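Below is data.csv, which holds CSV, C-alpha atoms.
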```csv
chain,number,residue,atom,x,y,z
A,1,MET,CA,-53.3,-6.0,-63.6
A,2,SER,CA,-55.8,-8.5,-64.9
A,3,LEU,CA,-56.0,-9.4,-68.6
A,4,ASP,CA,-58.8,-8.0,-70.7
A,5,LYS,CA,-61.3,-10.7,-71.7
A,6,PRO,CA,-63.9,-8.8,-73.9
A,7,TYR,CA,-65.5,-12.1,-74.9
A,8,LYS,CA,-67.1,-12.6,-71.4
A,9,ASP,CA,-70.2,-10.6,-72.4
A,10,VAL,CA,-71.0,-12.8,-75.5
A,11,PRO,CA,-74.2,-14.7,-74.6
A,12,GLY,CA,-74.3,-18.5,-74.6
A,13,THR,CA,-70.6,-18.7,-75.4
A,14,THR,CA,-67.6,-19.9,-73.4
A,15,ILE,CA,-64.3,-19.1,-75.0
A,16,PHE,CA,-61.8,-21.9,-74.4
A,17,ASP,CA,-58.9,-19.7,-73.3
A,18,ALA,CA,-55.7,-20.7,-71.4
A,19,ASP,CA,-57.5,-20.5,-68.1
A,20,MET,CA,-60.4,-22.8,-69.2
A,21,SER,CA,-57.8,-25.1,-70.7
A,22,ARG,CA,-56.0,-25.4,-67.4
A,23,GLN,CA,-59.2,-26.4,-65.7
A,24,GLY,CA,-60.2,-28.8,-68.4
A,25,TYR,CA,-56.9,-30.5,-69.1
A,26,HIS,CA,-57.7,-34.0,-67.7
A,27,LEU,CA,-61.3,-33.9,-69.0
A,28,ASN,CA,-60.1,-33.0,-72.5
A,29,GLN,CA,-57.3,-35.6,-72.4
A,30,PHE,CA,-59.8,-38.2,-71.4
A,31,CYS,CA,-61.8,-37.3,-74.5
A,32,MET,CA,-58.7,-37.5,-76.6
A,33,SER,CA,-58.2,-41.1,-75.4
A,34,LEU,CA,-61.4,-42.1,-77.1
A,35,MET,CA,-59.7,-41.7,-80.5
A,36,LYS,CA,-58.4,-45.2,-80.0
A,37,ALA,CA,-60.9,-48.0,-80.8
A,38,GLU,CA,-59.8,-50.1,-77.8
A,39,ASN,CA,-60.4,-47.2,-75.4
A,40,ARG,CA,-63.8,-46.6,-76.9
A,41,ALA,CA,-64.7,-50.2,-76.2
A,42,ARG,CA,-63.4,-50.1,-72.6
A,43,PHE,CA,-65.3,-46.8,-72.0
A,44,LYS,CA,-68.5,-48.2,-73.4
A,45,ALA,CA,-68.2,-51.4,-71.3
A,46,ASP,CA,-68.0,-49.5,-68.0
A,47,GLU,CA,-68.0,-45.7,-68.3
A,48,ARG,CA,-67.6,-45.0,-64.6
A,49,ALA,CA,-64.6,-47.3,-64.2
A,50,TYR,CA,-62.9,-45.8,-67.3
A,51,LEU,CA,-63.5,-42.2,-66.0
A,52,ASP,CA,-62.1,-43.2,-62.6
A,53,GLU,CA,-58.7,-43.8,-64.4
A,54,TRP,CA,-58.5,-40.1,-65.1
A,55,ASP,CA,-57.6,-37.3,-62.7
A,56,MET,CA,-60.9,-35.5,-63.3
A,57,SER,CA,-63.2,-33.8,-60.8
A,58,GLU,CA,-66.4,-35.6,-59.7
A,59,GLU,CA,-68.4,-32.8,-61.4
A,60,GLN,CA,-66.5,-33.4,-64.7
A,61,LYS,CA,-67.2,-37.1,-64.5
A,62,GLN,CA,-70.9,-36.6,-63.7
A,63,ALA,CA,-71.2,-34.2,-66.7
A,64,VAL,CA,-69.7,-36.7,-69.0
A,65,LEU,CA,-71.9,-39.5,-67.7
A,66,GLU,CA,-75.0,-37.3,-68.2
A,67,ARG,CA,-73.7,-36.2,-71.6
A,68,ASP,CA,-74.3,-32.6,-70.4
A,69,LEU,CA,-72.1,-30.8,-72.9
A,70,ASN,CA,-72.9,-27.3,-71.6
A,71,ARG,CA,-71.8,-28.4,-68.1
A,72,CYS,CA,-68.6,-30.1,-69.6
A,73,ILE,CA,-67.8,-26.8,-71.3
A,74,GLU,CA,-68.4,-24.8,-68.1
A,75,LEU,CA,-65.9,-27.2,-66.4
A,76,GLY,CA,-63.2,-26.6,-69.0
A,77,GLY,CA,-64.2,-28.9,-71.8
A,78,ASN,CA,-63.6,-27.9,-75.4
A,79,ILE,CA,-66.1,-28.9,-78.1
A,80,TYR,CA,-63.5,-30.4,-80.4
A,81,PHE,CA,-62.4,-32.7,-77.6
A,82,LEU,CA,-65.9,-33.4,-76.4
A,83,ALA,CA,-66.8,-34.3,-80.0
A,84,LYS,CA,-64.9,-37.6,-79.3
A,85,ILE,CA,-67.5,-38.6,-76.8
A,86,GLY,CA,-70.2,-37.8,-79.4
A,87,ALA,CA,-68.3,-39.9,-82.0
A,88,THR,CA,-68.1,-42.8,-79.5
A,89,ASP,CA,-71.9,-42.5,-79.0
A,90,GLY,CA,-72.4,-42.4,-82.8
A,91,LYS,CA,-73.7,-38.8,-82.8
A,92,SER,CA,-73.0,-36.2,-85.5
A,93,PHE,CA,-71.6,-32.8,-84.9
A,94,GLN,CA,-74.9,-31.3,-85.6
A,95,GLN,CA,-76.6,-33.5,-83.0
A,96,MET,CA,-74.0,-32.5,-80.5
A,97,ALA,CA,-74.2,-28.8,-81.2
A,98,GLY,CA,-78.0,-28.9,-81.2
A,99,SER,CA,-78.0,-30.7,-77.8
A,100,MET,CA,-76.6,-27.6,-76.2
A,101,THR,CA,-79.3,-25.2,-77.4
A,102,GLY,CA,-82.4,-26.5,-75.7
A,103,MET,CA,-83.9,-27.3,-79.1
A,104,THR,CA,-84.9,-30.6,-80.4
A,105,GLU,CA,-82.8,-32.2,-83.1
A,106,ASP,CA,-85.4,-31.4,-85.7
A,107,GLN,CA,-85.9,-27.8,-84.5
A,108,TYR,CA,-82.1,-27.2,-84.7
A,109,ARG,CA,-81.7,-28.8,-88.1
A,110,ASP,CA,-84.6,-26.7,-89.4
A,111,MET,CA,-83.1,-23.5,-87.9
A,112,MET,CA,-79.8,-24.3,-89.8
A,113,VAL,CA,-81.6,-25.0,-93.1
A,114,GLY,CA,-83.5,-21.7,-92.6
A,115,GLY,CA,-80.2,-19.8,-92.4
A,116,GLY,CA,-79.0,-20.4,-88.8
A,117,ARG,CA,-79.4,-18.5,-85.6
A,118,SER,CA,-79.4,-14.7,-86.2
A,119,VAL,CA,-76.7,-12.6,-84.6
A,120,ASP,CA,-79.3,-9.9,-83.9
A,121,GLY,CA,-80.0,-10.0,-80.2
A,122,ASN,CA,-77.2,-12.5,-79.7
A,123,ARG,CA,-74.2,-10.2,-79.5
A,124,TYR,CA,-74.3,-9.1,-75.9
A,125,ILE,CA,-75.6,-10.6,-72.6
A,126,GLY,CA,-78.8,-8.9,-71.7
A,127,GLU,CA,-79.3,-7.3,-75.2
A,128,LYS,CA,-82.9,-6.8,-76.3
A,129,LYS,CA,-83.8,-8.7,-79.4
B,1,MET,CA,-37.5,-19.4,-109.0
B,2,ALA,CA,-40.7,-20.6,-107.4
B,3,ARG,CA,-43.8,-18.4,-107.6
B,4,ILE,CA,-47.3,-18.3,-106.1
B,5,SER,CA,-49.8,-18.4,-109.0
B,6,ALA,CA,-53.1,-18.4,-107.0
B,7,SER,CA,-54.8,-18.6,-103.7
B,8,VAL,CA,-57.9,-20.7,-102.8
B,9,TYR,CA,-60.1,-20.1,-99.8
B,10,THR,CA,-62.7,-22.6,-98.5
B,11,SER,CA,-64.6,-23.8,-95.5
B,12,HIS,CA,-63.8,-27.4,-94.3
B,13,VAL,CA,-66.9,-28.7,-92.5
B,14,PRO,CA,-66.4,-32.4,-91.4
B,15,ALA,CA,-69.9,-33.3,-92.5
B,16,ILE,CA,-68.9,-32.4,-96.1
B,17,GLY,CA,-66.3,-35.1,-95.9
B,18,ALA,CA,-68.8,-37.6,-94.5
B,19,ALA,CA,-71.3,-36.7,-97.2
B,20,LEU,CA,-68.7,-37.3,-99.9
B,21,ASP,CA,-67.4,-40.5,-98.3
B,22,LEU,CA,-70.9,-41.9,-97.8
B,23,GLY,CA,-72.0,-41.1,-101.4
B,24,LYS,CA,-74.6,-38.5,-100.5
B,25,THR,CA,-73.4,-35.7,-102.8
B,26,ALA,CA,-76.4,-36.0,-105.1
B,27,GLU,CA,-78.9,-35.3,-102.3
B,28,PRO,CA,-80.4,-31.9,-102.7
B,29,TYR,CA,-79.1,-30.7,-99.3
B,30,TRP,CA,-75.5,-31.5,-100.3
B,31,GLN,CA,-75.8,-30.7,-104.0
B,32,ARG,CA,-76.3,-27.1,-103.0
B,33,VAL,CA,-72.9,-27.3,-101.3
B,34,PHE,CA,-70.9,-29.4,-103.9
B,35,GLY,CA,-72.5,-27.5,-106.8
B,36,GLY,CA,-70.5,-24.5,-105.7
B,37,TYR,CA,-67.2,-26.4,-106.3
B,38,ASP,CA,-68.0,-27.8,-109.8
B,39,PHE,CA,-66.2,-24.8,-111.4
B,40,SER,CA,-63.3,-25.1,-108.9
B,41,LYS,CA,-62.6,-28.8,-109.7
B,42,GLN,CA,-62.2,-28.0,-113.4
B,43,TRP,CA,-60.2,-24.9,-112.6
B,44,LEU,CA,-57.8,-27.0,-110.5
B,45,LYS,CA,-57.4,-29.5,-113.3
B,46,ASP,CA,-56.6,-26.7,-115.7
B,47,HIS,CA,-54.3,-24.9,-113.3
B,48,LYS,CA,-52.6,-27.8,-111.6
B,49,PRO,CA,-49.9,-26.5,-109.3
B,50,ASP,CA,-46.6,-28.3,-108.5
B,51,VAL,CA,-47.2,-27.8,-104.7
B,52,ILE,CA,-50.1,-26.6,-102.5
B,53,PHE,CA,-49.2,-24.8,-99.3
B,54,LEU,CA,-52.3,-25.6,-97.3
B,55,VAL,CA,-53.1,-23.5,-94.2
B,56,PHE,CA,-55.6,-25.3,-92.0
B,57,ASN,CA,-56.3,-26.1,-88.4
B,58,ASP,CA,-56.1,-29.3,-86.4
B,59,HIS,CA,-59.2,-30.1,-84.4
B,60,ALA,CA,-57.8,-31.9,-81.3
B,61,THR,CA,-56.5,-34.6,-83.6
B,62,ALA,CA,-52.7,-34.4,-84.1
B,63,PHE,CA,-52.4,-31.9,-81.2
B,64,SER,CA,-54.0,-32.7,-77.9
B,65,LEU,CA,-53.6,-30.3,-74.9
B,66,ASP,CA,-50.1,-31.8,-74.4
B,67,MET,CA,-48.7,-29.5,-77.0
B,68,ILE,CA,-50.4,-26.5,-78.7
B,69,PRO,CA,-48.2,-25.0,-81.4
B,70,THR,CA,-49.5,-21.7,-82.7
B,71,PHE,CA,-48.0,-22.2,-86.2
B,72,ALA,CA,-46.9,-25.8,-87.2
B,73,LEU,CA,-45.2,-26.4,-90.5
B,74,GLY,CA,-45.4,-29.9,-91.9
B,75,THR,CA,-41.9,-30.8,-93.2
B,76,GLY,CA,-42.4,-34.6,-93.5
B,77,GLY,CA,-42.6,-36.7,-96.6
B,78,GLU,CA,-46.1,-37.9,-96.0
B,79,PHE,CA,-49.1,-37.4,-93.8
B,80,MET,CA,-51.8,-39.9,-93.1
B,81,PRO,CA,-55.5,-39.1,-92.9
B,82,ALA,CA,-56.4,-39.2,-89.2
B,83,ASP,CA,-59.0,-41.3,-87.3
B,84,GLU,CA,-61.0,-38.5,-85.7
B,85,GLY,CA,-63.3,-41.0,-83.9
B,86,TRP,CA,-65.4,-42.1,-86.8
B,87,GLY,CA,-62.5,-44.0,-88.5
B,88,PRO,CA,-60.0,-42.4,-91.0
B,89,ARG,CA,-61.5,-40.9,-94.1
B,90,PRO,CA,-61.1,-43.1,-97.1
B,91,VAL,CA,-58.9,-40.6,-98.9
B,92,PRO,CA,-55.4,-40.7,-100.3
B,93,LYS,CA,-52.4,-40.1,-98.0
B,94,VAL,CA,-51.0,-36.6,-98.4
B,95,ILE,CA,-47.5,-36.4,-99.9
B,96,GLY,CA,-45.4,-33.6,-98.6
B,97,HIS,CA,-42.6,-31.5,-100.1
B,98,PRO,CA,-39.9,-31.7,-97.5
B,99,LYS,CA,-37.3,-29.8,-99.6
B,100,LEU,CA,-39.5,-26.7,-100.1
B,101,ALA,CA,-40.9,-27.0,-96.6
B,102,ALA,CA,-37.4,-27.0,-95.1
B,103,HIS,CA,-36.5,-23.9,-97.2
B,104,ILE,CA,-39.7,-22.2,-96.0
B,105,ALA,CA,-38.8,-23.0,-92.4
B,106,GLN,CA,-35.3,-21.6,-92.8
B,107,SER,CA,-36.5,-18.4,-94.3
B,108,VAL,CA,-39.7,-17.7,-92.3
B,109,ILE,CA,-38.1,-18.3,-88.9
B,110,GLN,CA,-35.3,-15.9,-89.8
B,111,ASP,CA,-38.1,-13.4,-90.6
B,112,ASP,CA,-39.1,-13.6,-86.9
B,113,PHE,CA,-42.0,-16.1,-87.1
B,114,ASP,CA,-41.2,-18.8,-84.6
B,115,LEU,CA,-42.7,-21.9,-86.4
B,116,THR,CA,-42.9,-25.3,-84.9
B,117,ILE,CA,-41.4,-27.9,-87.2
B,118,VAL,CA,-43.5,-31.1,-87.6
B,119,ASN,CA,-42.1,-34.1,-89.3
B,120,LYS,CA,-44.8,-36.5,-88.3
B,121,MET,CA,-48.5,-35.7,-87.9
B,122,ASP,CA,-51.8,-37.2,-89.0
B,123,VAL,CA,-54.0,-34.7,-90.9
B,124,ASP,CA,-57.7,-34.3,-90.1
B,125,HIS,CA,-60.8,-33.0,-92.0
B,126,GLY,CA,-59.4,-29.5,-91.7
B,127,LEU,CA,-56.9,-30.5,-94.4
B,128,THR,CA,-58.6,-33.3,-96.3
B,129,VAL,CA,-62.0,-31.7,-96.8
B,130,PRO,CA,-60.6,-28.8,-98.8
B,131,LEU,CA,-58.7,-31.2,-100.9
B,132,SER,CA,-61.8,-33.3,-101.5
B,133,LEU,CA,-63.9,-30.2,-102.4
B,134,MET,CA,-61.3,-29.1,-104.9
B,135,CYS,CA,-60.2,-32.5,-106.3
B,136,GLY,CA,-63.2,-34.8,-105.9
B,137,GLN,CA,-62.3,-38.4,-105.1
B,138,PRO,CA,-59.1,-39.2,-106.9
B,139,GLN,CA,-56.8,-42.2,-106.2
B,140,ALA,CA,-54.0,-39.8,-105.4
B,141,TRP,CA,-54.0,-36.0,-104.7
B,142,PRO,CA,-52.9,-34.1,-107.7
B,143,CYS,CA,-49.6,-32.8,-106.2
B,144,PRO,CA,-47.5,-32.6,-103.1
B,145,VAL,CA,-49.1,-30.6,-100.2
B,146,ILE,CA,-47.3,-28.8,-97.4
B,147,PRO,CA,-49.6,-28.7,-94.4
B,148,PHE,CA,-49.5,-25.6,-92.2
B,149,ALA,CA,-51.5,-25.9,-89.0
B,150,VAL,CA,-52.7,-22.9,-87.1
B,151,ASN,CA,-53.9,-23.0,-83.5
B,152,VAL,CA,-57.5,-21.8,-83.4
B,153,VAL,CA,-58.7,-24.2,-80.8
B,154,GLN,CA,-57.3,-22.7,-77.6
B,155,TYR,CA,-57.8,-18.9,-77.4
B,156,PRO,CA,-56.1,-16.7,-78.3
B,157,ALA,CA,-55.5,-17.7,-81.9
B,158,PRO,CA,-52.9,-15.6,-83.6
B,159,SER,CA,-54.2,-12.2,-84.6
B,160,GLY,CA,-55.4,-11.5,-88.1
B,161,ARG,CA,-52.5,-9.1,-88.5
B,162,ARG,CA,-50.0,-11.7,-87.5
B,163,CYS,CA,-51.4,-14.1,-90.0
B,164,TYR,CA,-51.4,-11.6,-92.8
B,165,MET,CA,-47.8,-10.7,-92.1
B,166,LEU,CA,-46.9,-14.4,-91.9
B,167,GLY,CA,-48.4,-14.8,-95.4
B,168,LYS,CA,-46.0,-12.2,-96.7
B,169,ALA,CA,-43.0,-14.0,-95.1
B,170,ILE,CA,-44.1,-17.3,-96.6
B,171,ARG,CA,-44.4,-15.6,-100.0
B,172,LYS,CA,-40.8,-14.3,-99.6
B,173,ALA,CA,-39.6,-17.7,-98.7
B,174,ILE,CA,-41.3,-19.4,-101.7
B,175,GLU,CA,-40.0,-16.7,-104.1
B,176,SER,CA,-36.4,-17.4,-103.0
B,177,TYR,CA,-36.7,-21.1,-103.8
B,178,ASP,CA,-34.4,-22.0,-106.7
B,179,GLU,CA,-36.6,-24.5,-108.6
B,180,PRO,CA,-39.3,-23.0,-110.9
B,181,LEU,CA,-42.3,-24.4,-109.0
B,182,ASN,CA,-45.9,-23.3,-109.4
B,183,VAL,CA,-47.2,-23.0,-105.9
B,184,GLN,CA,-50.8,-22.3,-104.8
B,185,ILE,CA,-51.5,-21.2,-101.2
B,186,TRP,CA,-54.9,-22.2,-99.7
B,187,GLY,CA,-56.5,-20.7,-96.6
B,188,THR,CA,-59.2,-22.8,-95.1
B,189,GLY,CA,-61.8,-22.8,-92.3
B,190,GLY,CA,-64.8,-20.6,-91.4
B,191,MET,CA,-67.0,-19.0,-92.3
B,192,SER,CA,-69.4,-17.9,-89.5
B,193,HIS,CA,-70.3,-20.8,-87.2
B,194,GLN,CA,-70.6,-21.6,-83.5
B,195,LEU,CA,-70.5,-25.2,-82.3
B,196,GLN,CA,-70.8,-24.8,-78.6
B,197,GLY,CA,-73.2,-23.5,-75.9
B,198,PRO,CA,-76.8,-22.1,-76.2
B,199,ARG,CA,-75.7,-19.8,-79.0
B,200,ALA,CA,-74.6,-22.8,-81.2
B,201,GLY,CA,-75.9,-22.5,-84.8
B,202,LEU,CA,-75.1,-18.8,-85.1
B,203,ILE,CA,-74.7,-17.7,-88.8
B,204,ASN,CA,-74.0,-14.2,-89.9
B,205,LYS,CA,-74.4,-13.8,-93.7
B,206,GLU,CA,-73.8,-10.0,-93.6
B,207,PHE,CA,-70.5,-10.5,-91.8
B,208,ASP,CA,-69.4,-13.3,-94.2
B,209,THR,CA,-70.4,-11.3,-97.3
B,210,ALA,CA,-68.4,-8.3,-96.0
B,211,PHE,CA,-65.5,-10.6,-95.2
B,212,LEU,CA,-65.4,-12.0,-98.7
B,213,ASP,CA,-65.6,-8.5,-100.2
B,214,ARG,CA,-62.9,-7.1,-98.0
B,215,LEU,CA,-60.6,-10.1,-98.4
B,216,VAL,CA,-60.5,-9.2,-102.1
B,217,SER,CA,-60.5,-5.4,-102.0
B,218,ASP,CA,-59.1,-4.4,-98.5
B,219,PRO,CA,-57.1,-7.3,-97.0
B,220,GLU,CA,-54.8,-4.8,-95.2
B,221,GLY,CA,-57.8,-3.2,-93.4
B,222,LEU,CA,-59.4,-6.6,-92.8
B,223,SER,CA,-56.3,-7.9,-91.1
B,224,LEU,CA,-56.8,-5.3,-88.4
B,225,MET,CA,-60.1,-6.8,-87.2
B,226,PRO,CA,-59.7,-7.8,-83.6
B,227,HIS,CA,-60.6,-11.3,-82.3
B,228,ILE,CA,-63.6,-10.1,-80.4
B,229,ASP,CA,-65.3,-9.0,-83.7
B,230,TYR,CA,-64.9,-12.6,-85.1
B,231,VAL,CA,-66.3,-14.1,-81.9
B,232,ARG,CA,-69.2,-11.7,-81.5
B,233,GLU,CA,-70.2,-11.5,-85.1
B,234,ALA,CA,-69.2,-14.8,-86.7
B,235,GLY,CA,-69.4,-17.2,-83.7
B,236,SER,CA,-66.8,-18.7,-81.5
B,237,GLU,CA,-65.5,-21.0,-84.2
B,238,GLY,CA,-65.7,-18.2,-86.9
B,239,ILE,CA,-62.3,-17.2,-85.7
B,240,GLU,CA,-60.9,-19.8,-88.1
B,241,LEU,CA,-61.2,-17.1,-90.7
B,242,VAL,CA,-57.9,-15.6,-89.6
B,243,MET,CA,-56.3,-18.4,-91.5
B,244,TRP,CA,-57.6,-17.0,-94.8
B,245,LEU,CA,-55.4,-13.9,-94.1
B,246,ILE,CA,-52.2,-16.0,-94.3
B,247,ALA,CA,-53.0,-17.0,-97.9
B,248,ARG,CA,-54.1,-13.5,-98.8
B,249,GLY,CA,-50.9,-11.9,-97.4
B,250,ALA,CA,-49.0,-14.1,-99.9
B,251,MET,CA,-50.6,-12.6,-103.0
B,252,ASN,CA,-48.9,-10.2,-105.5
B,253,ASP,CA,-51.0,-7.0,-104.9
B,254,VAL,CA,-50.1,-6.7,-101.3
B,255,ASN,CA,-46.4,-7.2,-102.1
B,256,GLY,CA,-46.0,-4.5,-104.7
B,257,GLY,CA,-47.8,-6.3,-107.6
B,258,LYS,CA,-51.1,-6.1,-109.5
B,259,PRO,CA,-54.5,-6.9,-108.1
B,260,PRO,CA,-55.7,-10.5,-108.4
B,261,THR,CA,-58.5,-11.8,-110.6
B,262,VAL,CA,-61.4,-13.2,-108.8
B,263,ARG,CA,-61.9,-16.4,-110.7
B,264,HIS,CA,-64.7,-17.8,-108.5
B,265,ARG,CA,-66.8,-16.9,-105.5
B,266,PHE,CA,-69.4,-19.1,-103.7
B,267,TYR,CA,-71.4,-18.8,-100.5
B,268,HIS,CA,-74.0,-21.1,-99.1
B,269,VAL,CA,-75.8,-21.7,-95.8
B,270,PRO,CA,-75.7,-24.3,-94.3
B,271,ALA,CA,-73.4,-27.3,-94.3
B,272,SER,CA,-74.3,-28.9,-91.0
B,273,ASN,CA,-73.7,-26.0,-88.5
B,274,THR,CA,-71.6,-23.8,-90.8
B,275,ALA,CA,-71.7,-21.2,-93.5
B,276,VAL,CA,-69.7,-22.3,-96.5
B,277,GLY,CA,-67.6,-19.7,-98.2
B,278,HIS,CA,-65.2,-20.1,-101.2
B,279,LEU,CA,-63.0,-17.9,-103.3
B,280,ILE,CA,-60.3,-18.4,-106.0
B,281,LEU,CA,-57.9,-15.6,-106.6
B,282,GLU,CA,-55.4,-15.7,-109.4
B,283,ASN,CA,-52.3,-13.6,-109.4
B,284,ASN,CA,-51.6,-11.3,-112.3
```
Structure translated into structure tokens:
Amino acid sequence: MSLDKPYKDVPGTTIFDADMSRQGYHLNQFCMSLMKAENRARFKADERAYLDEWDMSEEQKQAVLERDLNRCIELGGNIYFLAKIGATDGKSFQQMAGSMTGMTEDQYRDMMVGGGRSVDGNRYIGEKK
Amino acid sequence: MARISASVYTSHVPAIGAALDLGKTAEPYWQRVFGGYDFSKQWLKDHKPDVIFLVFNDHATAFSLDMIPTFALGTGGEFMPADEGWGPRPVPKVIGHPKLAAHIAQSVIQDDFDLTIVNKMDVDHGLTVPLSLMCGQPQAWPCPVIPFAVNVVQYPAPSGRRCYMLGKAIRKAIESYDEPLNVQIWGTGGMSHQLQGPRAGLINKEFDTAFLDRLVSDPEGLSLMPHIDYVREAGSEGIELVMWLIARGAMNDVNGGKPPTVRHRFYHVPASNTAVGHLILENN
């Protein structure tokens, strides 16, 4: 019998459950390594070479190189780990979150100041707004 | 005997810490956030506890994917502010209370909650931002703090019900401690927010308002809310709110006593990506 995952029908959302965590283990541990200044420096000096030290899939490495956070999440990344890449790049959490929405940085900030993204129309995949 | 005098609830957004550390508190954007805590800072000075039991979550800082404890009790003598990638926050180190923490471990585990005991861990913004909001920028935190980390990073987080019942067990432990300590219990994190995917930026003021109302008047019923309701209504990271139920479960009224006094309530959108909620409840 399979487990019930009622969160699969929430739009634009990937829940970092045990199965995603399994797939993203090495990707997330790579991110974790960036908490050390010397590792940040080595990563910045040669990103590809640093990534090749990790047992990550080629897709995961490409997603990191392209800073495609949605793709990273699809491949098992978790935002709190991925945030270490953003910190290495000097990006704020708001810039990182905004980068996943297809909005410009200004548009995203303005949306937040205006009260954030409404839940109406955003509860279920395929829901009419 | 020790007793719980009050509970405090607050969000813990990292950008709040950055705004404070970089001297931006007077900017209008941030004044709207910090203004909600002016009362609270004075209140904490007037009601200084002997110990704060601080429920928070680690954000891939002390705990990587190598180990993911659901409930981790900090029993060490001190805890250093963590480097989360931007350098450690310039805040005082956190002094623990190993003697009370050991007592709580002994009691709560025998009450069927399988805690992880942690003698050494760095504490991230989840713990230091609530302290900053409530204390400002002191040279030392006003009292010892027992950190209690809850896994809300890898799904499933513990259920609201489990958290609520754990709060009751923590209360029982504290009340059986021989020294007459005045203990506050803080529940942190939330409110509605989502930091990932195309739905990032989600805020649900109606949900948050109802949560604040029910936390005061119907914590028992609120504790039964399933995870999916948090995710769908309050965003994937809104699930942090289950931590508030640990603090609420430790209050008098849900353990045969009188209803608490709501000393302060504050709500504001946004701080960065997040809705900020805050409550102070005093036991009677």
Any idea which chain A residues end up within 6 Å of chain B if we count only C-alpha atoms, as an NGL selection string please? :A and (12-13 or 16-17 or 35 or 70 or 80-81 or 84 or 87 or 94 or 97 or 100-101 or 115-117 or 123)
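Here CA of Ser57 (chain A) is placed at a distance of 24.0 Å from CA of Lys8 (chain A).
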Show me, as a VMD selection string, the residues that have an atom within 6 Å of Gly76 (chain A) when counting only C-alpha atoms, minus same-chain residues fewer than 4 positions from it. chain A and resid 20 to 21 23 to 24
Measure the distance from CA of Thr128 (chain B) to CA of Gly98 (chain A) in Å and round it to one decimal. 25.0 Å
Tell me which residues come within 12 Å of (-63.4, -47.3, -72.6), as a ChimeraX atom specification, counting all atoms listed in the file in the file's coordinates. /A:30-54,84-85,88-89
Kindly give the distance, in Å, that separates CA of Met96 (chain A) and CA of Arg67 (chain A), rounded to a single decimal.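 Between CA of Met96 (chain A) and CA of Arg67 (chain A) the gap works out to 9.6 Å.
Compared by their closest atoms to Lys93 (chain B), and using only C-alpha atoms, the residues B:Pro49, B:Gly136, B:Pro144, B:Pro130 rank with B:Pro144 nearest.
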Would you kindly return, as a compact mmCIF listing (two decimals) with C-alpha atoms, in the coordinates of the input, each protein, DNA or RNA residue with an atom no farther than 12 Å from any atom of Ala102 (chain B), considering only C-alpha atoms and excluding same-chain residues fewer than 6 positions away?
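Okay, this is what ended up in selection.txt:
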```
# COMPACT_ATOMS: atom_id res chain seq x y z
CA LEU B 73 -45.20 -26.40 -90.50
CA GLY B 74 -45.40 -29.90 -91.90
CA THR B 75 -41.90 -30.80 -93.20
CA GLY B 76 -42.40 -34.60 -93.50
CA GLY B 77 -42.60 -36.70 -96.60
CA GLY B 96 -45.40 -33.60 -98.60
CA VAL B 108 -39.70 -17.70 -92.30
CA ILE B 109 -38.10 -18.30 -88.90
CA LEU B 115 -42.70 -21.90 -86.40
CA THR B 116 -42.90 -25.30 -84.90
CA ILE B 117 -41.40 -27.90 -87.20
CA VAL B 118 -43.50 -31.10 -87.60
CA ASN B 119 -42.10 -34.10 -89.30
CA ILE B 146 -47.30 -28.80 -97.40
CA ILE B 170 -44.10 -17.30 -96.60
CA ALA B 173 -39.60 -17.70 -98.70
CA ILE B 174 -41.30 -19.40 -101.70
CA TYR B 177 -36.70 -21.10 -103.80
```
Where is the centre and how long are the edges: axis-aligned box on region 4-20 of chain A, 6 Å on each side, Å to one decimal, as lines of an AutoDock Vina configuration file:
```
center_x = -65.0
center_y = -15.4
center_z = -71.8
size_x = 30.6
size_y = 26.8
size_z = 19.4
```
For Leu212 (chain B), list every protein, DNA or RNA residue within 12 Å, evaluated using only C-alpha atoms, and leave out those in the same chain fewer than 3 positions away; present the list as a ChimeraX atom specification. /B:9-10,190-192,205-209,215-219,222,241,244-245,248,262,264-267,276-281
What residues have an atom no more than 9 Å from (-65.9, -33.6, -64.1) in the file's own frame, counting all atoms listed in the file, and can you write them as a list in words? Gly24, His26, Leu27, Met56, Ser57, Glu58, Glu59, Gln60, Lys61, Gln62, Ala63, Val64, Arg71, Cys72, Leu75 and Gly76 of chain A
Of the residues B:Cys163, B:Leu20, B:Val123, B:Val242, which is the one nearest to Pro88 (chain B), using all atoms listed in the file? B:Val123
From the list A:Ile125, A:Val10, A:Leu3, A:Leu69, which residue is nearest Gly86 (chain A) when using only C-alpha atoms?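 Among A:Ile125, A:Val10, A:Leu3, A:Leu69, it is A:Leu69 that comes nearest to Gly86 (chain A).
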